[in-house]
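**Q** The structure's right below; bear with me while I get my questions together.
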Amino acid sequence: MLTVPTDEPTRRHEARRAGAQPDRWWRTGAVYQMYLRSFADSDGDGIGDLPGALARLDHLVELGVDAVWVNPWYPSPMRDGGYDISDHRDIDPRFGTLSDAEAFIAGVHRRGLRVIVDVVPNHTSSDHRWFREALDAGPGSPERARFHFLDGRGPDGSEPPNDWSSAFGGSAWERVADGQWYLHLFDSGQPDLNWQNPEVRADFVDTLRFWLDLGVDGVRVDVAHGLAKDPTYPDNGGIAVPRDRRDLVDHPYWDRDEVHVLIREWRTLLDGYDGRMMVAEAVVSPTRLPAYLAPDQYHQSFNFDLLEAEWDAWGFGEVIVTSHASAAAVGATSTWVLSNHDVMRHATRYGLPHGTDHARWPVTGPHTALDAAVGLRRAQAAAMVTMALPGSVYLYQGDELGLPEVWDLPDDVLEDPTWRRTGGAMRGRDGCRVPIPWEETGPSLGFGPSEGWLPQPGAFAGLAASRQAVDPTSTLSLYRQALRLRRELLVDDEALTMLALGDDVLAFERGSGVMCVANMGTSAIALPDGEVLVTSAPVAGGLLPPDACAWLAPRTRSAPVVTPPV
Ligand code: NOJ
């Protein structure tokens, strides 16, 4: 089991303070996404909290990650899992207090890790003081100018100002008592802020400064591509999110050029601190992503291309080469993401046939199409691929346990607004947010002293962290081993050479000479010559089975190099 020498964290932080060299830890960092609400509950209210998370932090050290990204922890009515914030500079009492947050940050730093917090500039909660003031103040007031309040269409203004749709379903406009409408690109409990308003801009800088001063090492910026709206509010056909991100061009509210001016201001603030970073949740066309990574913009951005790719060697290879090259072209590194709190867990995704619409499949089925065992094998192999790549890797809590999507939660426990707003056409994202099974027994399998806010399926007991920790063949052991080797062999350079080992094989070599070989086909393949360092499935007679990945240390180069597909 991996342990951190006791003086290690201190040494790292001494180096940071001395500013001996620019600390760009995020370029190669392994970041663990903590969905706080479902991580560990200390007080038995069924909701994960900061003292619970602090008590479980050694799990992250033993796993071997470098940083933790915590989903929103602010006061919130929780109409969108905390992305509806009523005070950006406090902690929701269900999660703890500001002192708990300070203790958590200190606990993370003491272990030599970094902490990234989620900030949400695009919208507030409808419970936020500003929104309540806007409702009271009425049309034309400076209070309403902080949001997007418009008169409606039609003779009596009873139709929404335009045809924009909410990303969660239904119209993006809600009418208030005096007849005006306000914009909410997400739930009606999440009114969009008006980023043309200087007060909105100044307030967000104060929020950033607040958390940076409290000691966080980075911020994850929610809906980074959505802040600027076309001030003429043109109709757009009512499509909230095009199926293909390449179609996201010249849009009235996604990825408008004006957002880059805002980012510059935040970057200047962060540059005044040592070793801090911003990561963008920018859902944009791949060709537009590098603009978010320019030197005066974000340090990195989530790369959702692999998350959206099917299990296919050519597709994976194309994404990898393109993403690596386009990040490098602007002096950044790519991030690699397979899962997060918004999508079906990849252990389930990879068990479904190609072409499945993962957001609708829990409703439409056919549910017999799921092969969970194949899904898990591929999930382990895909994780090894991402951990072997140059750049930064983001792991979503529970990935390291191979947790599946709980796609069949009972209707009456569902909380995601998507479920309600689509009239049941989509079950939403609760299935990837089920509390973590830490132990094999107990009312919520060690998550807390009582049942969790979402029920865990029976199969979670067999996936408990305590059980996997002592099983050398478990997903958890694989993650620990791979992350340790990654630190030792794969983070000192950003070199990537693709290797040609067959149509269904994804293979590449890193600067250290370590090769990563993933068999994405249907029959076993012969591994190139080399010492097998770690594999996601047993290798017998030098053969790697289908749906598996191996890392090899070189003896001699035996694999031909391919010209990248772009
Ligand atoms: C992206 C977040 O990841 C998601 O969970 C949230 O619902 C939307 N942004 C709106 O804040």
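Chain labels follow the order of the structure tokens: the first chain is A, the next B, and so on; residue numbering restarts at 1 in every chain, and ligands are counted from 1 in their shown order.
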Neighbours of ligand 1 at 8 Å or closer, counting only C-alpha atoms and all ligand atoms: which residues, as a list in words?

**A** Asp80, Gly81, Tyr83, Asp84, Val120, Asn122, His123, Phe186, Gln190, Asp222, Val223, Glu281, Asn340, His341 and Asp342 of chain A

**Q** Extract, using only C-alpha atoms, all DNA, RNA and protein residues at most 10 Å from Trp266 of chain A, discarding same-chain residues fewer than 2 positions from it, and format them as a list of chain:residue names.

**A**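 Within the cut-off, the hits are A:Arg201, A:Phe204, A:Val205, A:Leu208, A:Arg209, A:Val261, A:Leu262, A:Ile263, A:Arg264, A:Thr268, A:Leu269, A:Leu270, A:Asp271, A:Met278, A:Asp296, A:Gln297, A:Tyr298.
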
**Q** Could you list, as a PyMOL selection string, every residue within 8 Å of Arg256 of chain A, counting only C-alpha atoms and ignoring same-chain residues fewer than 5 positions away?

**A** chain A and resi 225-226+228-229+250-251

**Q** Write to file, as a tab-separated table (two decimals), in the first residue's frame, the residues of the selection just made, with N, CA and C atoms.

**A**
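Printed below is result-v1.tsv as written:
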chain	number	residue	atom	x	y	z
A	225	HIS	N	-18.50	28.31	-20.73
A	225	HIS	CA	-18.78	28.70	-22.12
A	225	HIS	C	-20.12	29.43	-22.23
A	226	GLY	N	-20.76	29.72	-21.09
A	226	GLY	CA	-22.14	30.18	-21.19
A	226	GLY	C	-22.41	31.58	-20.68
A	228	ALA	N	-21.67	34.73	-21.70
A	228	ALA	CA	-22.03	35.86	-22.58
A	228	ALA	C	-23.26	35.50	-23.42
A	229	LYS	N	-24.23	36.39	-23.38
A	229	LYS	CA	-25.46	36.15	-24.17
A	229	LYS	C	-25.56	37.21	-25.25
A	250	ASP	N	-21.26	30.19	-33.56
A	250	ASP	CA	-22.12	31.34	-33.77
A	250	ASP	C	-23.45	31.18	-33.02
A	251	HIS	N	-23.35	30.91	-31.76
A	251	HIS	CA	-24.52	30.58	-30.95
A	251	HIS	C	-24.89	31.79	-30.08

**Q** So that I can check the secondary structure, give me every residue of segment 267-414 of chain A assigned helix (DSSP H, G or I) by backbone DSSP, as a PyMOL selection string.

**A** chain A and resi 267-271+286-293+305-308+313-329+346-349+361-364+367-369+372-388+399-401+411-413

**Q** What does the structure give for the distance between atom CA of Asn197 of chain A and atom CA of His260 of chain A, in Å to one decimal?

**A**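 Interatomic distance, atom CA of Asn197 of chain A to atom CA of His260 of chain A: 15.7 Å.
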
**Q** Considering only C-alpha atoms, return as a short mmCIF file (atom, residue, chain, number, x, y, z; two decimals) with N, CA and C atoms, in the first residue's frame whatever protein or nucleic-acid residues lie within 12 Å of Gly541 of chain A, sequence-local ones (same chain, fewer than 6 positions apart) excluded.

**A**
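Output contents, as saved in part-v2.cif:
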data_model
loop_
_atom_site.label_atom_id
_atom_site.label_comp_id
_atom_site.auth_asym_id
_atom_site.auth_seq_id
_atom_site.Cartn_x
_atom_site.Cartn_y
_atom_site.Cartn_z
N ALA A 524 -7.58 -12.08 -28.56
CA ALA A 524 -6.34 -11.75 -27.85
C ALA A 524 -5.27 -11.27 -28.83
N ILE A 525 -4.39 -10.43 -28.35
CA ILE A 525 -3.29 -9.94 -29.20
C ILE A 525 -1.95 -10.23 -28.52
N ALA A 526 -0.93 -10.36 -29.34
CA ALA A 526 0.42 -10.57 -28.79
C ALA A 526 0.97 -9.22 -28.34
N LEU A 527 1.47 -9.18 -27.12
CA LEU A 527 2.05 -7.93 -26.62
C LEU A 527 3.44 -7.75 -27.22
N PRO A 528 3.87 -6.51 -27.43
CA PRO A 528 5.25 -6.31 -27.88
C PRO A 528 6.23 -6.73 -26.78
N ASP A 529 7.47 -6.85 -27.15
CA ASP A 529 8.48 -7.26 -26.16
C ASP A 529 8.57 -6.19 -25.07
N VAL A 532 6.09 -6.53 -18.42
CA VAL A 532 4.73 -6.10 -18.09
C VAL A 532 4.75 -5.46 -16.70
#

**Q** Can you pull out the residues contacting segment 444-448 of chain A? Cut-off 10 Å, using only C-alpha atoms, and skip same-chain residues under 5 positions away; I want them as a list in words.

**A**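 Those residues are Ser38, Phe39, Ala40, Asp41, Ser42, Asp43, Gly44, Asp45, Gly46, Ile47, Gly48, Asp49, Gly52, Pro435, Ile436, Pro437, Trp438, Glu439, Trp453, Leu454, Pro455, Gln456, Gly458, Phe460, Ala461, Ala464, Ala465 and Ser466 of chain A.
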
**Q** Quote the spacing between atom CA of Asn71 of chain A and atom CA of Asp58 of chain A in Å to one decimal place.

**A**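 Between atom CA of Asn71 of chain A and atom CA of Asp58 of chain A the gap is 18.8 Å.
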
**Q** Could you check how far atom CA of Glu494 of chain A sits from atom CA of Met515 of chain A, in Å to one decimal?

**A**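 So the answer is 13.8 Å.
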
**Q** Could you check which of A:Leu150, A:Leu478, A:Met277, A:Ile85 is closest to Thr232 of chain A, using only C-alpha atoms?

**A**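 Distance minimum relative to Thr232 of chain A lands on A:Leu150.
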
**Q** Identify which of the residues A:Val284, A:Ser171, A:Trp130, A:Arg267 lies closest to Glu199 of chain A, counting only C-alpha atoms when measuring atom-to-atom distances.

**A** A:Trp130

**Q** With 12 Å as the cut-off and only C-alpha atoms counted, what is the closest atom pair between each nearby residue of segment 58-109 of chain A and segment 392-403 of chain A? Distances in Å to one decimal, ordered by chain and number, as JSON lines.

**A**
{"residue": "A:His59", "atom": "CA", "partner": "A:Glu400", "partner_atom": "CA", "distance": 10.6}
{"residue": "A:Leu60", "atom": "CA", "partner": "A:Gln397", "partner_atom": "CA", "distance": 9.9}
{"residue": "A:Glu62", "atom": "CA", "partner": "A:Glu400", "partner_atom": "CA", "distance": 11.5}
{"residue": "A:Leu63", "atom": "CA", "partner": "A:Glu400", "partner_atom": "CA", "distance": 8.3}
{"residue": "A:Gly64", "atom": "CA", "partner": "A:Glu400", "partner_atom": "CA", "distance": 11.1}
{"residue": "A:Val65", "atom": "CA", "partner": "A:Leu395", "partner_atom": "CA", "distance": 9.0}
{"residue": "A:Asp66", "atom": "CA", "partner": "A:Val393", "partner_atom": "CA", "distance": 10.0}
{"residue": "A:Ala67", "atom": "CA", "partner": "A:Tyr394", "partner_atom": "CA", "distance": 9.4}
{"residue": "A:Val68", "atom": "CA", "partner": "A:Tyr394", "partner_atom": "CA", "distance": 9.3}
{"residue": "A:Trp69", "atom": "CA", "partner": "A:Tyr394", "partner_atom": "CA", "distance": 9.0}
{"residue": "A:Val70", "atom": "CA", "partner": "A:Gln397", "partner_atom": "CA", "distance": 10.4}
{"residue": "A:Asn71", "atom": "CA", "partner": "A:Tyr396", "partner_atom": "CA", "distance": 10.8}
